[in-house]
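Participant: Before I ask anything, here is the structure I am working with.
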Amino acid sequence: MRPRLVAGNWKMNGTRAEILPLVRSLKDGLNPAPRAEVAVCPPFIYLPLVGELLEGTPIALGAQDVCEEAAGAYTGEVSGPMLRDYHCRYVIVGHSERRQVYREDDGRVARKFSQALSGGLIPILCLGETLAEREAGNTRPVVERQLRAVLEQSGVAGLRAAVIAYEPVWAIGTGRNATPAQAQEVHAFIRDRIAERDPETAASLPILYGGSVKGANAAALFAMPDIDGGLIGGASLSAAEFLAICRAA
Ligand code: PEP
């Protein structure tokens, strides 16, 4: 059976005063440890604080982004080895907000993925189509193109220590989640494309769904055969909602 993962992407939210009670509630609510692995991805500046608060708990730490270079003159960037220094296990790469707002193209995302692996991190690679792309019938070609860039850079072996998150852009932060059937269809497509290169990697790779997951819709999504957990944005800022999602996984 594939491992299940629920990862909370806090994005650029939370102050120190808000994070302390949120982490306390998650620690209480996830004791005893759930069967699914749980991770939280705070903004860079709070990684040391949250890492300290999570010490000795089953909750893993993740970052929201990583530089595509290992070190050097890259003002404002944070490298994979730096994230490992602060005990990050996961890092999100290719989130649609990075692709759209910061114009990260497939090649840069693929280099970030590769840097995450070299830094000893588990990349959570986000793939997903916009509403216009879906309506034009291009969901599969878009997701395949995004995936191919990573396969060309890191090979299928790169996916052996990775997680994929299918995140339709039209479902992120909109309150409009993909139906379980819509999500399952794309998850199965992604798994099939990987299976063409390496069936074992495809069978063991966790593929998360992300896009307006809440306590109320999580169980139906996670019941689909190729959905192995979730990447959670807005609902990860509420302990009650996030814990409900973790229980559903
Ligand atoms: C995300 O940003 O990765 C995400 C899935 O956001 P939300 O859950 O708020 O739609």
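Identifiers in this document derive from the order of the structure tokens: chains are assigned A, B, ..., residues are numbered from 1 separately in each chain, and ligands are numbered from 1 in order of occurrence.
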Please tabulate, as a Markdown table, the residues of chain A that come within 7 Å of ligand 1, each with its closest pair of atoms and the distance in Å to one decimal, counting only C-alpha atoms and all ligand atoms and ordering rows by chain, then residue number upward.

Facilitator:
| residue | atom | partner | partner_atom_place_in_ligand_line | distance |
| --- | --- | --- | --- | --- |
| A:Asn9 | CA | ligand 1 | 3 (O) | 6.0 |
| A:His95 | CA | ligand 1 | 3 (O) | 6.7 |
| A:Glu167 | CA | ligand 1 | 5 (C) | 6.4 |
| A:Ala171 | CA | ligand 1 | 10 (O) | 5.8 |
| A:Ile172 | CA | ligand 1 | 10 (O) | 3.4 |
| A:Gly173 | CA | ligand 1 | 10 (O) | 3.6 |
| A:Thr174 | CA | ligand 1 | 10 (O) | 6.2 |
| A:Gly175 | CA | ligand 1 | 10 (O) | 6.7 |
| A:Gly210 | CA | ligand 1 | 5 (C) | 4.0 |
| A:Gly211 | CA | ligand 1 | 10 (O) | 3.7 |
| A:Ser212 | CA | ligand 1 | 10 (O) | 3.6 |
| A:Val213 | CA | ligand 1 | 8 (O) | 5.3 |
| A:Leu231 | CA | ligand 1 | 5 (C) | 5.4 |
| A:Ile232 | CA | ligand 1 | 8 (O) | 4.2 |
| A:Gly233 | CA | ligand 1 | 6 (O) | 3.4 |
| A:Gly234 | CA | ligand 1 | 9 (O) | 3.7 |
| A:Ala235 | CA | ligand 1 | 8 (O) | 6.0 |

Participant: As a ChimeraX atom specification, please: every residue in range 80-211 of chain A that DSSP puts in alpha helix (DSSP H).

Facilitator: /A:80-85,96-101,106-118,131-135,139-154,180-195,199-204

Participant: Can you list, as a VMD selection string, every residue of range 49-184 of chain A that DSSP puts in strand (DSSP E or B)?

Facilitator: chain A and resid 59 to 63 90 to 93 122 to 127 163 to 166

Participant: Please produce a file of the residues just selected, as a compact mmCIF listing (two decimals), in the first residue's frame, where the atoms kept are N, CA, C and O atoms.

Facilitator:
# COMPACT_ATOMS: atom_id res chain seq x y z
N ILE A 59 4.69 15.12 13.24
CA ILE A 59 4.39 16.07 12.16
C ILE A 59 5.71 16.51 11.51
O ILE A 59 6.63 16.97 12.19
N ALA A 60 5.76 16.36 10.19
CA ALA A 60 6.99 16.70 9.45
C ALA A 60 6.95 18.16 9.01
O ALA A 60 5.88 18.77 8.91
N LEU A 61 8.14 18.68 8.73
CA LEU A 61 8.28 20.07 8.32
C LEU A 61 8.57 20.12 6.81
O LEU A 61 9.36 19.32 6.30
N GLY A 62 7.96 21.07 6.14
CA GLY A 62 8.24 21.25 4.71
C GLY A 62 8.39 22.73 4.40
O GLY A 62 7.90 23.59 5.15
N ALA A 63 9.05 23.03 3.29
CA ALA A 63 9.17 24.41 2.82
C ALA A 63 8.27 24.59 1.60
O ALA A 63 7.83 23.61 0.99
N TYR A 90 10.23 17.88 3.44
CA TYR A 90 9.56 18.10 2.15
C TYR A 90 9.82 19.51 1.64
O TYR A 90 10.11 20.42 2.42
N VAL A 91 9.66 19.68 0.34
CA VAL A 91 9.59 21.04 -0.23
C VAL A 91 8.63 21.02 -1.42
O VAL A 91 8.68 20.09 -2.25
N ILE A 92 7.76 22.00 -1.46
CA ILE A 92 6.82 22.14 -2.57
C ILE A 92 7.57 22.76 -3.75
O ILE A 92 8.29 23.75 -3.56
N VAL A 93 7.45 22.19 -4.93
CA VAL A 93 8.03 22.84 -6.12
C VAL A 93 6.97 22.92 -7.21
O VAL A 93 6.15 22.02 -7.38
N ILE A 122 12.42 15.77 0.03
CA ILE A 122 11.42 15.10 -0.80
C ILE A 122 10.60 16.18 -1.50
O ILE A 122 9.86 16.92 -0.84
N PRO A 123 10.75 16.33 -2.83
CA PRO A 123 9.97 17.35 -3.50
C PRO A 123 8.50 16.94 -3.62
O PRO A 123 8.20 15.78 -3.91
N ILE A 124 7.62 17.90 -3.39
CA ILE A 124 6.19 17.71 -3.69
C ILE A 124 5.96 18.51 -4.96
O ILE A 124 5.88 19.74 -4.94
N LEU A 125 5.92 17.82 -6.08
CA LEU A 125 5.85 18.46 -7.39
C LEU A 125 4.39 18.74 -7.75
O LEU A 125 3.59 17.81 -7.87
N CYS A 126 4.06 20.03 -7.93
CA CYS A 126 2.68 20.39 -8.26
C CYS A 126 2.49 20.45 -9.78
O CYS A 126 3.29 21.08 -10.49
N LEU A 127 1.43 19.81 -10.24
CA LEU A 127 1.06 19.82 -11.66
C LEU A 127 -0.41 20.23 -11.73
O LEU A 127 -1.18 19.87 -10.84
N VAL A 163 6.98 13.15 -4.31
CA VAL A 163 5.53 13.11 -4.20
C VAL A 163 5.02 14.02 -5.31
O VAL A 163 5.64 15.03 -5.61
N ILE A 164 3.91 13.65 -5.94
CA ILE A 164 3.27 14.55 -6.91
C ILE A 164 1.98 15.07 -6.30
O ILE A 164 1.30 14.35 -5.55
N ALA A 165 1.66 16.33 -6.57
CA ALA A 165 0.36 16.87 -6.17
C ALA A 165 -0.33 17.36 -7.44
O ALA A 165 0.19 18.25 -8.12
N TYR A 166 -1.48 16.76 -7.75
CA TYR A 166 -2.29 17.28 -8.86
C TYR A 166 -3.16 18.39 -8.29
O TYR A 166 -3.99 18.15 -7.39

Participant: Which residue, A:Pro168, A:Pro199, A:Pro206, A:Pro180, has the smallest gap to Ala223 in chain A when you use only C-alpha atoms?

Facilitator: A:Pro180

Participant: Hey, what's within 10 Å of Val23 in chain A if we count only C-alpha atoms and toss same-chain stuff fewer than 6 positions away? As number ranges by chain, please?

Facilitator: A: 29, 40, 50, 53-54, 59, 237, 239

Participant: Could you work out how far CA of Val186 in chain A lies from CA of Asp105 in chain A, giving the answer in Å with one decimal?

Facilitator: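 Interatomic distance, CA of Asp105 in chain A to CA of Val186 in chain A: 21.0 Å.
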
Participant: For each of A:Ala73, A:Leu205, A:Ala36, A:Leu20, take the minimum atom-to-atom distance to Leu5 in chain A, counting only C-alpha atoms, then give the residue where this is smallest.

Facilitator: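 The closest residue to Leu5 in chain A is A:Ala36.
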
Participant: Fewer than 5 positions away in the same chain doesn't count, so skip those; otherwise give me all residues within 10 Å of range 187-195 of chain A, counting only C-alpha atoms, as a list in words.

Facilitator: Leu127, Arg140, Val143, Glu144, Leu147, Arg148, Leu151, Val156, Leu159, Ile164, Ala165, Tyr166, Ala181, Gln182, Glu200, Thr201, Ala202, Ala203, Ser204, Leu205, Pro206, Ile207, Leu208, Tyr209, Met224, Pro225, Asp226, Ile227 and Asp228 of chain A

Participant: For the residues in that selection, give me N, CA and C atoms as a JSON list (two decimals), in the first residue's frame.

Facilitator:
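Output (selection-v5.json):
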[["chain", "number", "residue", "atom", "x", "y", "z"],
["A", 127, "LEU", "N", 1.43, 19.81, -10.24],
["A", 127, "LEU", "CA", 1.06, 19.82, -11.66],
["A", 127, "LEU", "C", -0.41, 20.23, -11.73],
["A", 140, "ARG", "N", -4.83, 16.96, -20.07],
["A", 140, "ARG", "CA", -3.80, 15.91, -20.18],
["A", 140, "ARG", "C", -2.50, 16.42, -20.80],
["A", 143, "VAL", "N", -0.61, 18.69, -18.20],
["A", 143, "VAL", "CA", -0.04, 17.94, -17.07],
["A", 143, "VAL", "C", 1.13, 17.08, -17.56],
["A", 144, "GLU", "N", 0.97, 16.50, -18.73],
["A", 144, "GLU", "CA", 2.04, 15.66, -19.29],
["A", 144, "GLU", "C", 3.29, 16.48, -19.60],
["A", 147, "LEU", "N", 5.05, 17.31, -16.35],
["A", 147, "LEU", "CA", 5.70, 16.10, -15.83],
["A", 147, "LEU", "C", 6.95, 15.76, -16.65],
["A", 148, "ARG", "N", 6.83, 15.91, -17.98],
["A", 148, "ARG", "CA", 7.94, 15.52, -18.86],
["A", 148, "ARG", "C", 9.20, 16.34, -18.55],
["A", 151, "LEU", "N", 10.89, 14.71, -15.76],
["A", 151, "LEU", "CA", 11.44, 13.41, -16.16],
["A", 151, "LEU", "C", 12.70, 13.60, -17.00],
["A", 156, "VAL", "N", 13.18, 9.02, -14.46],
["A", 156, "VAL", "CA", 12.09, 8.46, -13.66],
["A", 156, "VAL", "C", 12.59, 8.10, -12.26],
["A", 159, "LEU", "N", 11.68, 10.31, -9.39],
["A", 159, "LEU", "CA", 10.35, 10.24, -8.79],
["A", 159, "LEU", "C", 10.27, 9.20, -7.67],
["A", 164, "ILE", "N", 3.91, 13.65, -5.94],
["A", 164, "ILE", "CA", 3.27, 14.55, -6.91],
["A", 164, "ILE", "C", 1.98, 15.07, -6.30],
["A", 165, "ALA", "N", 1.66, 16.33, -6.57],
["A", 165, "ALA", "CA", 0.36, 16.87, -6.17],
["A", 165, "ALA", "C", -0.33, 17.36, -7.44],
["A", 166, "TYR", "N", -1.48, 16.76, -7.75],
["A", 166, "TYR", "CA", -2.29, 17.28, -8.86],
["A", 166, "TYR", "C", -3.16, 18.39, -8.29],
["A", 181, "ALA", "N", -14.26, 12.10, -9.13],
["A", 181, "ALA", "CA", -14.07, 11.42, -10.43],
["A", 181, "ALA", "C", -13.14, 12.23, -11.34],
["A", 182, "GLN", "N", -13.29, 13.55, -11.34],
["A", 182, "GLN", "CA", -12.40, 14.39, -12.17],
["A", 182, "GLN", "C", -10.95, 14.24, -11.70],
["A", 200, "GLU", "N", 7.08, 0.08, -11.34],
["A", 200, "GLU", "CA", 7.25, 0.00, -9.88],
["A", 200, "GLU", "C", 7.22, 1.39, -9.24],
["A", 201, "THR", "N", 7.91, 2.34, -9.89],
["A", 201, "THR", "CA", 7.90, 3.71, -9.37],
["A", 201, "THR", "C", 6.48, 4.25, -9.40],
["A", 202, "ALA", "N", 5.77, 4.01, -10.50],
["A", 202, "ALA", "CA", 4.41, 4.52, -10.63],
["A", 202, "ALA", "C", 3.51, 3.94, -9.53],
["A", 203, "ALA", "N", 3.70, 2.67, -9.24],
["A", 203, "ALA", "CA", 2.81, 2.02, -8.26],
["A", 203, "ALA", "C", 3.07, 2.53, -6.85],
["A", 204, "SER", "N", 4.31, 2.95, -6.57],
["A", 204, "SER", "CA", 4.62, 3.34, -5.18],
["A", 204, "SER", "C", 4.61, 4.85, -4.96],
["A", 205, "LEU", "N", 4.39, 5.62, -6.02],
["A", 205, "LEU", "CA", 4.47, 7.09, -5.91],
["A", 205, "LEU", "C", 3.18, 7.67, -5.31],
["A", 206, "PRO", "N", 3.28, 8.41, -4.20],
["A", 206, "PRO", "CA", 2.09, 9.07, -3.68],
["A", 206, "PRO", "C", 1.68, 10.24, -4.58],
["A", 207, "ILE", "N", 0.43, 10.28, -4.99],
["A", 207, "ILE", "CA", -0.10, 11.40, -5.77],
["A", 207, "ILE", "C", -1.22, 12.05, -4.94],
["A", 208, "LEU", "N", -0.96, 13.28, -4.52],
["A", 208, "LEU", "CA", -1.90, 14.02, -3.67],
["A", 208, "LEU", "C", -2.84, 14.83, -4.56],
["A", 209, "TYR", "N", -4.02, 15.11, -4.03],
["A", 209, "TYR", "CA", -4.90, 16.06, -4.71],
["A", 209, "TYR", "C", -4.88, 17.37, -3.92],
["A", 224, "MET", "N", -10.74, 7.63, -3.56],
["A", 224, "MET", "CA", -10.45, 7.23, -4.94],
["A", 224, "MET", "C", -9.13, 6.45, -4.99],
["A", 225, "PRO", "N", -9.04, 5.46, -5.88],
["A", 225, "PRO", "CA", -7.90, 4.54, -5.82],
["A", 225, "PRO", "C", -6.53, 5.19, -6.08],
["A", 226, "ASP", "N", -6.49, 6.28, -6.84],
["A", 226, "ASP", "CA", -5.18, 6.89, -7.14],
["A", 226, "ASP", "C", -4.94, 8.19, -6.38],
["A", 227, "ILE", "N", -5.76, 8.49, -5.40],
["A", 227, "ILE", "CA", -5.57, 9.72, -4.60],
["A", 227, "ILE", "C", -5.03, 9.30, -3.23],
["A", 228, "ASP", "N", -3.81, 9.73, -2.95],
["A", 228, "ASP", "CA", -3.09, 9.22, -1.77],
["A", 228, "ASP", "C", -2.96, 10.25, -0.66]]

Participant: I'd like the interatomic distance between CA of Gly119 in chain A and CA of Met82 in chain A, to a tenth of an Å.

Facilitator: 8.4 Å

Participant: Give me, as a PyMOL selection string, all polymer residues having an atom no more than 6 Å from Trp10 in chain A, counting only C-alpha atoms and skipping those fewer than 2 positions away in the same chain.

Facilitator: chain A and resi 13+41-42

Participant: Those selected residues, please, written with C-alpha atoms and delivered as a PDB file, in the first residue's frame.

Facilitator:
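The resulting file, selection.pdb, is reproduced below:
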ATOM      1  CA  ASN A  13      -0.066  33.522   6.108  1.00  0.00           C
ATOM      2  CA  CYS A  41       4.888  24.038   5.176  1.00  0.00           C
ATOM      3  CA  PRO A  42       5.221  27.440   6.872  1.00  0.00           C
TER       4      PRO A  42
END

Participant: Excluding Glu133 in chain A and its own-chain neighbours fewer than 3 positions away, which residues fall within 12 Å of it when counting only C-alpha atoms? Please give them as a list of chain:residue names.

Facilitator: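 Neighbouring residues, sequence-local ones excluded: A:Gly128, A:Glu129, A:Thr130, A:Ala136, A:Gly137, A:Asn138, A:Thr139, A:Arg140, A:Pro141, A:Val142, A:Val143, A:Pro168, A:Val169, A:Trp170.
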
Participant: For those residues, write C-alpha atoms to a file as an mmCIF file, in the first residue's frame.

Facilitator:
data_model
loop_
_atom_site.group_PDB
_atom_site.id
_atom_site.type_symbol
_atom_site.label_atom_id
_atom_site.label_comp_id
_atom_site.auth_asym_id
_atom_site.auth_seq_id
_atom_site.Cartn_x
_atom_site.Cartn_y
_atom_site.Cartn_z
ATOM 1 C CA GLY A 128 -2.215 21.236 -12.897
ATOM 2 C CA GLU A 129 -4.118 22.988 -15.619
ATOM 3 C CA THR A 130 -5.880 26.366 -15.642
ATOM 4 C CA ALA A 136 -10.024 23.729 -24.240
ATOM 5 C CA GLY A 137 -9.652 19.994 -23.532
ATOM 6 C CA ASN A 138 -5.967 20.367 -22.739
ATOM 7 C CA THR A 139 -5.755 19.026 -19.183
ATOM 8 C CA ARG A 140 -3.796 15.908 -20.177
ATOM 9 C CA PRO A 141 -1.297 17.607 -22.528
ATOM 10 C CA VAL A 142 -0.576 20.347 -19.950
ATOM 11 C CA VAL A 143 -0.035 17.943 -17.072
ATOM 12 C CA PRO A 168 -6.093 22.060 -10.901
ATOM 13 C CA VAL A 169 -5.492 25.816 -10.843
ATOM 14 C CA TRP A 170 -9.229 26.546 -11.068
#

Participant: Counting only C-alpha atoms, figure out which residue out of A:Arg98, A:Arg108, A:Arg145, A:Arg89 gets nearest to Leu121 in chain A.

Facilitator: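 Nearest to Leu121 in chain A: A:Arg89.
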
Participant: Quick one: of A:Ala248, A:Asp198, A:Leu83, A:Ile19, who's nearest to Leu221 in chain A, counting only C-alpha atoms?

Facilitator: A:Ala248
